[in-house]
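**Student:** structure.txt is the file, holding compact mmCIF, C-alpha atoms and all ligand atoms:
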```
# COMPACT_ATOMS: atom_id res chain seq x y z
CA MET A 1 46.13 -35.34 -30.74
CA SER A 2 42.94 -34.21 -29.00
CA GLU A 3 41.94 -35.39 -25.54
CA ILE A 4 39.65 -38.43 -25.29
CA LYS A 5 37.65 -38.53 -22.07
CA GLU A 6 34.25 -39.77 -22.97
CA PHE A 7 34.65 -43.53 -22.71
CA GLU A 8 35.66 -45.88 -19.94
CA ARG A 9 37.98 -48.15 -21.90
CA LEU A 10 38.69 -49.66 -25.29
CA GLU A 11 37.56 -53.10 -24.15
CA ASP A 12 34.05 -51.75 -23.47
CA ILE A 13 33.78 -50.47 -27.04
CA LEU A 14 34.83 -53.85 -28.42
CA ASP A 15 32.45 -55.60 -26.10
CA LYS A 16 29.49 -53.40 -27.04
CA ASN A 17 30.02 -53.44 -30.77
CA LEU A 18 31.23 -56.94 -31.60
CA THR A 19 29.34 -60.13 -30.92
CA GLY A 20 30.07 -63.86 -30.78
CA SER A 21 32.98 -65.13 -32.84
CA ASN A 22 33.73 -61.64 -34.24
CA TYR A 23 34.44 -60.42 -30.73
CA GLU A 24 36.62 -63.43 -29.94
CA THR A 25 38.61 -63.13 -33.20
CA VAL A 26 39.25 -59.40 -32.77
CA ARG A 27 40.04 -59.81 -29.07
CA GLN A 28 42.53 -62.56 -29.80
CA LEU A 29 44.27 -60.62 -32.55
CA LEU A 30 44.51 -57.50 -30.42
CA TYR A 31 45.19 -59.05 -27.01
CA GLY A 32 46.66 -62.52 -27.63
CA ARG A 33 45.68 -65.72 -25.83
CA ALA A 34 42.69 -65.31 -23.52
CA VAL A 35 43.39 -64.56 -19.87
CA GLU A 36 41.13 -66.08 -17.19
CA GLN A 37 39.12 -63.99 -14.79
CA ILE A 38 39.69 -64.70 -11.07
CA ASP A 39 36.58 -64.41 -8.93
CA LEU A 40 37.27 -62.11 -5.96
CA LYS A 41 33.60 -61.64 -5.06
CA THR A 42 34.12 -62.54 -1.43
CA ILE A 43 36.35 -59.56 -0.76
CA PRO A 44 34.55 -56.48 0.60
CA PHE A 45 35.89 -53.78 -1.69
CA ASN A 46 35.64 -50.09 -1.26
CA ARG A 47 33.02 -49.05 -3.84
CA ASN A 48 35.21 -46.33 -5.28
CA LEU A 49 37.91 -48.81 -6.21
CA GLN A 50 37.58 -50.84 -9.42
CA VAL A 51 39.10 -54.22 -8.62
CA GLU A 52 39.74 -56.68 -11.43
CA ALA A 53 41.62 -59.96 -11.21
CA TYR A 54 43.02 -62.19 -13.94
CA ARG A 55 45.19 -65.26 -14.35
CA ILE A 56 47.48 -65.49 -17.34
CA PRO A 57 47.50 -69.23 -18.14
CA CYS A 58 50.82 -71.02 -18.48
CA PRO A 59 51.41 -74.70 -19.35
CA GLU A 60 52.64 -76.89 -16.48
CA GLU A 61 56.13 -78.34 -16.78
CA GLN A 62 57.27 -81.85 -15.81
CA LEU A 63 60.33 -80.94 -13.77
CA ARG A 64 59.78 -77.44 -12.42
CA LYS A 65 56.93 -76.56 -10.13
CA PRO A 66 54.80 -73.56 -11.18
CA ARG A 67 56.12 -70.26 -9.79
CA ASN A 68 52.83 -68.47 -9.36
CA VAL A 69 52.98 -64.86 -8.27
CA ARG A 70 50.16 -62.38 -7.79
CA ILE A 71 50.89 -58.85 -8.89
CA GLY A 72 48.86 -55.84 -7.72
CA LEU A 73 48.92 -52.61 -9.74
CA PHE A 74 47.26 -49.58 -8.20
CA GLN A 75 46.20 -46.54 -10.26
CA ASN A 76 44.64 -43.50 -8.65
CA GLN A 77 43.61 -39.88 -8.81
CA ILE A 78 44.92 -37.54 -6.17
CA PRO A 79 42.19 -37.62 -3.48
CA VAL A 80 42.35 -33.90 -2.62
CA PRO A 81 43.04 -30.85 -4.83
CA ALA A 82 46.59 -30.51 -6.19
CA THR A 83 46.88 -27.18 -4.38
CA SER A 84 46.35 -28.77 -0.92
CA LYS A 85 49.00 -28.42 1.79
CA ILE A 86 51.75 -31.03 1.46
CA GLN A 87 51.11 -32.97 4.66
CA TYR A 88 47.36 -32.98 4.03
CA MET A 89 47.93 -34.38 0.52
CA LYS A 90 50.37 -37.03 1.79
CA ASN A 91 48.03 -38.14 4.56
CA ALA A 92 45.11 -38.43 2.12
CA LEU A 93 47.28 -40.48 -0.24
CA TYR A 94 48.56 -42.68 2.59
CA LYS A 95 44.94 -43.45 3.54
CA LEU A 96 44.15 -44.41 -0.05
CA ALA A 97 47.32 -46.50 -0.25
CA GLU A 98 46.49 -48.34 2.94
CA GLU A 99 43.07 -49.32 1.56
CA ALA A 100 44.57 -50.46 -1.73
CA ILE A 101 47.29 -52.51 -0.02
CA GLU A 102 44.80 -54.04 2.39
CA THR A 103 42.54 -55.02 -0.52
CA SER A 104 45.60 -56.40 -2.31
CA GLN A 105 46.48 -58.55 0.65
CA LYS A 106 42.93 -59.96 0.70
CA SER A 107 43.33 -60.67 -3.01
CA GLY A 108 46.52 -62.65 -2.40
CA VAL A 109 48.89 -60.10 -3.91
CA ASN A 110 52.63 -60.78 -3.44
CA ILE A 111 54.10 -57.75 -5.23
CA PHE A 112 52.37 -54.37 -5.23
CA CYS A 113 53.31 -51.35 -7.33
CA PHE A 114 52.09 -47.73 -7.30
CA GLN A 115 52.05 -45.24 -10.17
CA GLU A 116 54.95 -42.81 -10.73
CA ALA A 117 55.51 -40.19 -7.98
CA TRP A 118 52.49 -41.64 -6.24
CA ASN A 119 52.68 -39.60 -3.04
CA MET A 120 52.24 -36.19 -4.68
CA PRO A 121 50.46 -34.35 -7.50
CA PHE A 122 52.33 -34.67 -10.82
CA ALA A 123 53.32 -31.02 -10.62
CA PHE A 124 56.34 -31.00 -12.93
CA CYS A 125 54.28 -29.30 -15.66
CA THR A 126 54.34 -26.09 -13.61
CA ARG A 127 58.14 -25.64 -13.56
CA GLU A 128 57.64 -24.06 -10.11
CA LYS A 129 60.28 -25.19 -7.62
CA TYR A 130 58.07 -24.48 -4.63
CA PRO A 131 56.19 -26.04 -3.07
CA TRP A 132 56.79 -29.13 -5.22
CA SER A 133 60.45 -29.74 -4.32
CA GLU A 134 59.34 -30.00 -0.71
CA TYR A 135 57.66 -33.28 -1.55
CA ALA A 136 61.09 -34.92 -2.05
CA GLU A 137 62.19 -37.28 0.71
CA SER A 138 64.92 -39.82 1.47
CA ALA A 139 64.44 -43.09 -0.40
CA GLN A 140 65.65 -45.22 2.48
CA TYR A 141 64.68 -43.22 5.57
CA GLY A 142 61.83 -40.93 4.44
CA PRO A 143 58.30 -41.01 5.90
CA THR A 144 56.74 -42.69 2.87
CA THR A 145 59.21 -45.59 2.96
CA LYS A 146 58.74 -45.92 6.71
CA PHE A 147 54.97 -45.99 6.31
CA LEU A 148 55.14 -48.68 3.61
CA GLN A 149 57.73 -50.82 5.43
CA GLU A 150 55.16 -51.45 8.14
CA LEU A 151 52.50 -52.51 5.60
CA ALA A 152 54.94 -54.66 3.60
CA LYS A 153 55.93 -56.54 6.75
CA ASN A 154 52.38 -56.95 8.08
CA TYR A 155 51.04 -58.12 4.74
CA ASN A 156 54.07 -60.15 3.59
CA MET A 157 54.17 -58.15 0.38
CA VAL A 158 56.93 -56.64 -1.75
CA ILE A 159 56.06 -52.98 -2.36
CA ILE A 160 57.40 -50.76 -5.14
CA SER A 161 57.09 -47.12 -4.22
CA PRO A 162 57.96 -44.54 -6.89
CA ILE A 163 58.59 -41.17 -5.22
CA LEU A 164 60.44 -37.90 -5.59
CA GLU A 165 63.74 -38.60 -3.82
CA ARG A 166 65.89 -36.14 -1.88
CA ASP A 167 69.49 -37.37 -1.67
CA GLU A 168 70.77 -35.66 1.44
CA THR A 169 74.18 -37.33 1.17
CA HIS A 170 74.81 -35.82 -2.24
CA SER A 171 74.12 -32.10 -1.86
CA ASP A 172 70.36 -32.46 -1.37
CA THR A 173 69.83 -33.39 -5.03
CA ILE A 174 66.41 -34.52 -6.25
CA TRP A 175 65.70 -37.68 -8.26
CA ASN A 176 62.71 -39.53 -9.68
CA THR A 177 63.12 -42.83 -7.86
CA ALA A 178 61.42 -46.16 -7.27
CA VAL A 179 62.02 -47.64 -3.80
CA ILE A 180 61.82 -51.42 -3.39
CA ILE A 181 60.70 -52.73 0.00
CA ASP A 182 60.78 -56.49 0.51
CA ASN A 183 58.07 -58.62 2.10
CA HIS A 184 59.81 -58.47 5.49
CA GLY A 185 59.55 -54.70 5.47
CA ASP A 186 63.25 -54.23 4.68
CA TYR A 187 64.54 -51.60 2.28
CA LEU A 188 65.98 -53.61 -0.63
CA GLY A 189 67.19 -50.74 -2.81
CA LYS A 190 66.18 -48.11 -5.31
CA HIS A 191 66.23 -47.30 -8.98
CA ARG A 192 66.37 -43.80 -10.46
CA LYS A 193 64.53 -42.95 -13.68
CA ASN A 194 66.97 -43.25 -16.57
CA HIS A 195 65.24 -41.18 -19.24
CA ILE A 196 63.74 -37.78 -18.39
CA PRO A 197 61.06 -36.38 -20.74
CA ARG A 198 61.28 -33.05 -22.47
CA VAL A 199 57.99 -33.24 -24.32
CA GLY A 200 54.74 -31.30 -24.00
CA ASP A 201 54.21 -30.23 -20.39
CA PHE A 202 56.51 -32.94 -19.04
CA ASN A 203 59.13 -30.48 -17.83
CA GLU A 204 60.71 -32.89 -15.39
CA SER A 205 64.27 -31.92 -16.28
CA THR A 206 63.63 -28.68 -14.35
CA TYR A 207 63.64 -30.76 -11.16
CA TYR A 208 65.95 -33.75 -11.58
CA PHE A 209 68.61 -35.28 -13.75
CA GLU A 210 68.85 -38.62 -15.59
CA GLY A 211 69.27 -41.51 -13.15
CA ASN A 212 72.65 -42.97 -12.17
CA THR A 213 71.62 -46.38 -10.84
CA GLY A 214 71.95 -48.41 -14.05
CA HIS A 215 69.46 -51.23 -14.54
CA PRO A 216 69.19 -53.02 -11.20
CA VAL A 217 67.20 -56.21 -10.82
CA PHE A 218 65.97 -56.92 -7.30
CA GLU A 219 65.91 -60.53 -6.21
CA THR A 220 62.82 -61.05 -4.04
CA GLU A 221 61.08 -64.13 -2.63
CA PHE A 222 58.50 -63.69 -5.40
CA GLY A 223 60.82 -63.35 -8.38
CA LYS A 224 63.41 -61.04 -9.90
CA ILE A 225 61.91 -57.62 -10.46
CA ALA A 226 62.95 -54.31 -12.00
CA VAL A 227 61.41 -50.88 -12.54
CA ASN A 228 61.45 -48.92 -15.79
CA ILE A 229 60.00 -45.55 -14.79
CA CYS A 230 57.50 -43.94 -17.20
CA TYR A 231 59.27 -42.28 -20.16
CA GLY A 232 61.86 -45.11 -20.10
CA ARG A 233 59.22 -47.24 -21.80
CA HIS A 234 59.91 -45.42 -25.09
CA HIS A 235 63.50 -46.70 -25.01
CA PRO A 236 63.85 -50.32 -26.13
CA LEU A 237 67.45 -50.54 -24.87
CA ASN A 238 66.29 -49.58 -21.39
CA TRP A 239 63.91 -52.55 -21.42
CA LEU A 240 66.64 -54.75 -22.90
CA ALA A 241 69.07 -53.90 -20.10
CA PHE A 242 66.66 -55.06 -17.38
CA GLY A 243 66.26 -58.28 -19.35
CA LEU A 244 70.01 -58.78 -19.62
CA ASN A 245 70.25 -58.44 -15.85
CA GLY A 246 67.73 -61.24 -15.46
CA ALA A 247 64.42 -59.52 -14.69
CA GLU A 248 61.32 -61.70 -14.68
CA ILE A 249 58.85 -58.84 -14.08
CA VAL A 250 59.48 -55.22 -15.07
CA PHE A 251 57.17 -52.58 -13.63
CA ASN A 252 56.51 -49.37 -15.54
CA PRO A 253 55.00 -46.86 -13.11
CA SER A 254 53.89 -43.89 -15.20
CA ALA A 255 52.12 -40.56 -15.36
CA THR A 256 51.01 -39.82 -18.89
CA THR A 257 48.16 -38.02 -20.59
CA GLY A 258 45.75 -38.98 -23.37
CA GLY A 259 46.64 -36.12 -25.68
CA LEU A 260 50.27 -37.22 -25.67
CA SER A 261 50.73 -40.97 -25.48
CA GLU A 262 47.55 -43.03 -25.45
CA PRO A 263 48.07 -44.70 -28.86
CA LEU A 264 51.51 -45.91 -27.69
CA TRP A 265 50.38 -47.13 -24.28
CA GLY A 266 49.17 -50.60 -25.21
CA ILE A 267 52.14 -51.25 -27.47
CA GLU A 268 55.35 -50.38 -25.67
CA ALA A 269 55.24 -52.37 -22.43
CA ARG A 270 53.65 -55.28 -24.27
CA ASN A 271 56.30 -55.28 -26.97
CA ALA A 272 58.97 -55.19 -24.26
CA ALA A 273 57.46 -58.29 -22.65
CA ILE A 274 57.61 -60.15 -25.97
CA ALA A 275 61.10 -58.98 -26.94
CA ASN A 276 62.70 -59.59 -23.55
CA GLY A 277 60.94 -62.69 -22.27
CA TYR A 278 59.56 -61.19 -19.06
CA PHE A 279 56.27 -59.87 -17.71
CA THR A 280 55.65 -56.13 -17.86
CA CYS A 281 53.27 -54.08 -15.74
CA ALA A 282 52.20 -50.66 -17.01
CA ILE A 283 50.55 -48.39 -14.43
CA ASN A 284 49.21 -44.92 -15.13
CA ARG A 285 47.72 -42.11 -13.08
CA VAL A 286 44.04 -41.17 -13.32
CA GLY A 287 42.21 -37.86 -13.58
CA THR A 288 43.02 -34.22 -14.16
CA GLU A 289 45.16 -32.24 -11.70
CA THR A 290 44.64 -28.50 -11.67
CA PHE A 291 47.33 -26.14 -10.40
CA GLU A 292 47.16 -22.62 -9.02
CA HIS A 293 49.16 -20.81 -11.68
CA GLU A 294 49.01 -21.01 -15.44
CA PHE A 295 51.88 -22.46 -17.45
CA THR A 296 52.57 -22.75 -21.16
CA SER A 297 53.69 -25.71 -23.26
CA GLY A 298 56.03 -23.71 -25.48
CA ASN A 299 53.84 -24.45 -28.52
CA GLY A 300 52.08 -21.12 -29.02
CA LYS A 301 48.84 -22.43 -27.50
CA PRO A 302 47.14 -20.59 -24.60
CA ALA A 303 48.44 -20.95 -21.08
CA HIS A 304 46.57 -23.46 -18.94
CA LYS A 305 46.45 -24.86 -15.41
CA ASP A 306 46.34 -28.61 -15.99
CA PHE A 307 48.27 -31.30 -17.83
CA GLY A 308 45.20 -32.89 -19.42
CA HIS A 309 43.63 -36.21 -18.53
CA PHE A 310 45.78 -39.01 -17.05
CA TYR A 311 44.06 -42.00 -18.61
CA GLY A 312 44.76 -44.90 -16.21
CA SER A 313 44.41 -48.08 -18.35
CA SER A 314 46.94 -50.06 -16.33
CA TYR A 315 47.64 -53.57 -17.60
CA VAL A 316 49.94 -56.59 -17.41
CA ALA A 317 51.57 -58.15 -20.48
CA ALA A 318 53.16 -61.59 -20.71
CA PRO A 319 56.19 -62.82 -22.66
CA ASP A 320 53.87 -64.78 -24.98
CA GLY A 321 52.20 -61.51 -26.05
CA SER A 322 48.97 -62.04 -24.14
CA ARG A 323 47.78 -59.23 -21.89
CA THR A 324 45.07 -58.41 -19.41
CA PRO A 325 42.36 -55.89 -20.22
CA GLY A 326 43.23 -52.40 -19.02
CA LEU A 327 41.72 -50.84 -15.94
CA SER A 328 39.36 -47.88 -16.34
CA ARG A 329 40.52 -44.65 -17.99
CA THR A 330 38.77 -42.59 -15.32
CA LYS A 331 38.57 -44.47 -11.99
CA ASN A 332 40.85 -45.55 -9.19
CA GLY A 333 41.63 -49.22 -9.69
CA LEU A 334 43.50 -52.26 -8.48
CA LEU A 335 44.54 -54.79 -11.09
CA VAL A 336 45.39 -58.19 -9.62
CA THR A 337 47.14 -60.57 -12.02
CA GLU A 338 48.38 -64.06 -11.32
CA VAL A 339 51.30 -65.10 -13.49
CA ASP A 340 53.54 -68.16 -13.56
CA LEU A 341 57.15 -67.00 -13.89
CA ASN A 342 57.99 -70.29 -15.60
CA MET A 343 56.49 -68.73 -18.71
CA CYS A 344 59.59 -66.56 -19.17
CA ARG A 345 61.83 -69.55 -19.92
CA GLN A 346 59.12 -71.38 -21.86
CA VAL A 347 58.75 -68.47 -24.29
CA LYS A 348 62.53 -68.04 -24.57
CA ASP A 349 62.82 -71.74 -25.50
CA HIS A 350 59.96 -71.45 -28.00
CA TRP A 351 60.85 -68.25 -29.85
CA GLY A 352 64.61 -68.14 -29.28
CA PHE A 353 64.71 -64.33 -29.23
CA GLN A 354 67.50 -64.30 -26.65
CA MET A 355 69.48 -66.98 -28.47
CA THR A 356 69.21 -65.11 -31.78
CA GLN A 357 69.57 -61.55 -30.52
CA ARG A 358 73.16 -61.00 -31.77
CA LEU A 359 74.24 -58.75 -28.92
CA ASP A 360 77.82 -58.72 -30.21
CA LEU A 361 76.66 -57.16 -33.48
CA TYR A 362 74.87 -54.37 -31.66
CA ALA A 363 77.59 -53.90 -29.04
CA ASP A 364 79.99 -53.20 -31.87
CA LEU A 365 77.64 -50.69 -33.55
CA LEU A 366 76.80 -48.94 -30.27
CA ALA A 367 80.45 -48.66 -29.31
CA ARG A 368 81.10 -46.89 -32.61
CA ALA A 369 77.88 -44.80 -32.55
CA VAL A 370 78.79 -43.07 -29.27
CA LYS A 371 82.13 -41.85 -30.64
CA SER A 372 82.38 -38.32 -32.08
CA ASP A 373 83.97 -39.63 -35.30
CA PHE A 374 81.14 -42.12 -35.95
CA GLN A 375 80.33 -42.72 -39.60
CA PRO A 376 76.80 -44.13 -40.20
CA GLN A 377 76.87 -47.23 -42.45
CA ILE A 378 75.23 -45.76 -45.55
CA ILE A 379 75.80 -47.27 -48.95
CA LYS A 380 75.29 -44.96 -51.92
CA LYS A 381 76.13 -44.90 -55.57
CA SER A 382 79.68 -43.64 -55.98
CA ASN A 383 78.62 -40.93 -58.51
CA CYS A 384 75.99 -39.27 -56.18
N1 LIG A 401 56.21 -39.06 -16.51
C1 LIG A 401 56.70 -39.17 -17.72
O1 LIG A 401 57.84 -39.54 -17.91
N2 LIG A 401 55.86 -38.82 -18.71
C2 LIG A 401 56.27 -38.59 -20.03
C3 LIG A 401 55.18 -38.79 -21.00
C4 LIG A 401 55.16 -40.16 -21.57
O2 LIG A 401 56.19 -40.82 -21.60
O3 LIG A 401 54.11 -40.58 -22.02
```
Represent the structure of the file as structure tokens.
Ligand SMILES: NC(=O)NCCC(=O)O
**Tutor:**
Amino acid sequence: MSEIKEFERLEDILDKNLTGSNYETVRQLLYGRAVEQIDLKTIPFNRNLQVEAYRIPCPEEQLRKPRNVRIGLFQNQIPVPATSKIQYMKNALYKLAEEAIETSQKSGVNIFCFQEAWNMPFAFCTREKYPWSEYAESAQYGPTTKFLQELAKNYNMVIISPILERDETHSDTIWNTAVIIDNHGDYLGKHRKNHIPRVGDFNESTYYFEGNTGHPVFETEFGKIAVNICYGRHHPLNWLAFGLNGAEIVFNPSATTGGLSEPLWGIEARNAAIANGYFTCAINRVGTETFEHEFTSGNGKPAHKDFGHFYGSSYVAAPDGSRTPGLSRTKNGLLVTEVDLNMCRQVKDHWGFQMTQRLDLYADLLARAVKSDFQPQIIKKSNC
């Protein structure tokens, strides 16, 4: 697929080209029930940050109070060239993060999530070990976690921080990890990316292995949350497992490019929300990162110095299939979304997907499929 850079977002095209009831019909078929815009006009935003805020409506119940939570998703370009010195890059990103978290706090955000490997360039396309491995740091005690613990505590906000992790206890190994910091500034735990891509320039397996933390769900004051890191969104069972462990919101911090995955982007996290009865939050990087040395994609095409365009387009999807518009494809942005977690149970009651999911049937098939003597269940005519 060729790169698409020349438009801001799909929603703008719909908006410009469809009018009146045509627009509403198409919007509803594509995006589900309408979300409401929240007016944040009073907040003095940094001009370079697109801030959009929505409420996903949810019927009130008679016995349970609403469990309203505001989610903040932050997508950004690296603020200085990819080739910058490590500490310079980290400091520039910390400054950006501080602004985004401060704006989130003014917007009433309770849970904030960054994009994948947010405190570094997405350099895994290069296959160079240095300097990129030097970005790795301890999940619990590293400088990025320390920096965010302070902000989480001051702003009473849960923060999800996907970073490159260095596990000093286990032979200095490197992992692609999301760190969860609670709203008191305490380290709650971490999750390591389960599925590592080997597609296009996503050469991440050069740096780290498939995660070994299972499918943890973190119980916070603002709901039960989990993190499905980037490429894991192509794996329905990965989403399912977070649902089985009771997640109410699953974050999908990502770094993906237009030429590779854009047609899938609006589908996968949204489908996961519907199938598993939880909210999903897809966050993608923005911009083009150019590296010093050329690399190839192993496809016979010329060597190049960048991955292509990271297309942003972060969004939130609800268990009833509705979703927010996406943020810009080209700008830094903060997407604030208010959701009522009661919707998870309401949709489960309505559709019955969990009641009818027949896990036993699939457990039996999966148990057989992983064995070396597995025989696929194929019926054919006896004389063929
Ligand atoms: N970071 C990452 O896993 N990217 C893989 C590409 C994709 O899943 O779209």
**Student:** Compile a residue-level contact table for range 76-131 of chain A against range 173-193 of chain A at a cut-off of 10 Å, reporting for every qualifying residue the shortest atom pair and its distance in Å to one decimal, with all atoms listed in the file counted, rows ordered by chain and ascending number, as a Markdown table.
**Tutor:**
```
| residue | atom | partner | partner_atom | distance |
| --- | --- | --- | --- | --- |
| A:Asn110 | CA | A:Asn183 | CA | 8.1 |
| A:Ile111 | CA | A:Asn183 | CA | 8.4 |
| A:Phe112 | CA | A:Ile181 | CA | 10.0 |
| A:Cys113 | CA | A:Ile180 | CA | 9.4 |
| A:Phe114 | CA | A:Ala178 | CA | 9.5 |
| A:Gln115 | CA | A:Ala178 | CA | 9.9 |
| A:Glu116 | CA | A:Ala178 | CA | 8.1 |
| A:Ala117 | CA | A:Asn176 | CA | 7.4 |
```
**Student:** Dig up all the protein and nucleic acid residues within 9 Å of (56.9, -45.1, -14.7) in the file frame, using all atoms listed in the file, and format them as a short mmCIF file (atom, residue, chain, number, x, y, z; two decimals) with C-alpha atoms, in the coordinates of the input.
**Tutor:**
```cif
data_model
loop_
_atom_site.label_atom_id
_atom_site.label_comp_id
_atom_site.auth_asym_id
_atom_site.auth_seq_id
_atom_site.Cartn_x
_atom_site.Cartn_y
_atom_site.Cartn_z
CA GLN A 115 52.05 -45.24 -10.17
CA GLU A 116 54.95 -42.81 -10.73
CA ALA A 117 55.51 -40.19 -7.98
CA PRO A 162 57.96 -44.54 -6.89
CA ALA A 178 61.42 -46.16 -7.27
CA LYS A 193 64.53 -42.95 -13.68
CA VAL A 227 61.41 -50.88 -12.54
CA ASN A 228 61.45 -48.92 -15.79
CA ILE A 229 60.00 -45.55 -14.79
CA CYS A 230 57.50 -43.94 -17.20
CA TYR A 231 59.27 -42.28 -20.16
CA GLY A 232 61.86 -45.11 -20.10
CA ARG A 233 59.22 -47.24 -21.80
CA PHE A 251 57.17 -52.58 -13.63
CA ASN A 252 56.51 -49.37 -15.54
CA PRO A 253 55.00 -46.86 -13.11
CA SER A 254 53.89 -43.89 -15.20
CA ALA A 255 52.12 -40.56 -15.36
CA THR A 256 51.01 -39.82 -18.89
CA ALA A 282 52.20 -50.66 -17.01
CA ILE A 283 50.55 -48.39 -14.43
CA ASN A 284 49.21 -44.92 -15.13
#
```
**Student:** If we draw a sphere of 9 Å around (44.9, -45.3, -15.6), which residues have at least one atom in it when counting all atoms listed in the file? Please report them as an MDAnalysis selection string.
**Tutor:** chainID A and resid 74:77 115 255:256 283:287 310:315 326:333
**Student:** By how many Å are CA of Lys348 in chain A and CA of Arg67 in chain A apart?
**Tutor:**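 Atom-to-atom, CA of Lys348 in chain A and CA of Arg67 in chain A are spaced 16.3 Å apart.
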**Student:** Could you jot down the CA of Thr83 in chain A to CA of Ile160 in chain A separation for me, Å, one decimal place?
**Tutor:**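 Atom-to-atom, CA of Thr83 in chain A and CA of Ile160 in chain A are spaced 25.8 Å apart.
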**Student:** Find, counting all atoms listed in the file, the residue in A:Tyr208, A:Tyr135, A:Phe374, A:Tyr362 that gets nearest to ligand LIG 401 (chain A).
**Tutor:**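 The answer is A:Tyr208, which sits nearest to ligand LIG 401 (chain A).
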**Student:** Would you mind reading off the distance between CA of Asn212 in chain A and CA of Leu237 in chain A, one decimal, in Å?
**Tutor:** 15.7 Å
**Student:** Which polymer residues have any atom within 9 Å of an atom of Glu36 in chain A, counting only C-alpha atoms, with same-chain residues fewer than 5 positions away left out, as a ChimeraX atom specification?
**Tutor:** /A:53-57,324
**Student:** Within 9 Å of Val316 in chain A, counting all atoms listed in the file, which residues show up once you throw out same-chain ones fewer than 4 positions away? Write them as a list in words, please.
**Tutor:**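 Those residues are Ile71, Leu73, Ala269, Arg270, Phe279, Thr280, Cys281, Ala282, Ile283, Ser322, Arg323, Thr324, Pro325, Gly326, Leu335 and Thr337 of chain A.
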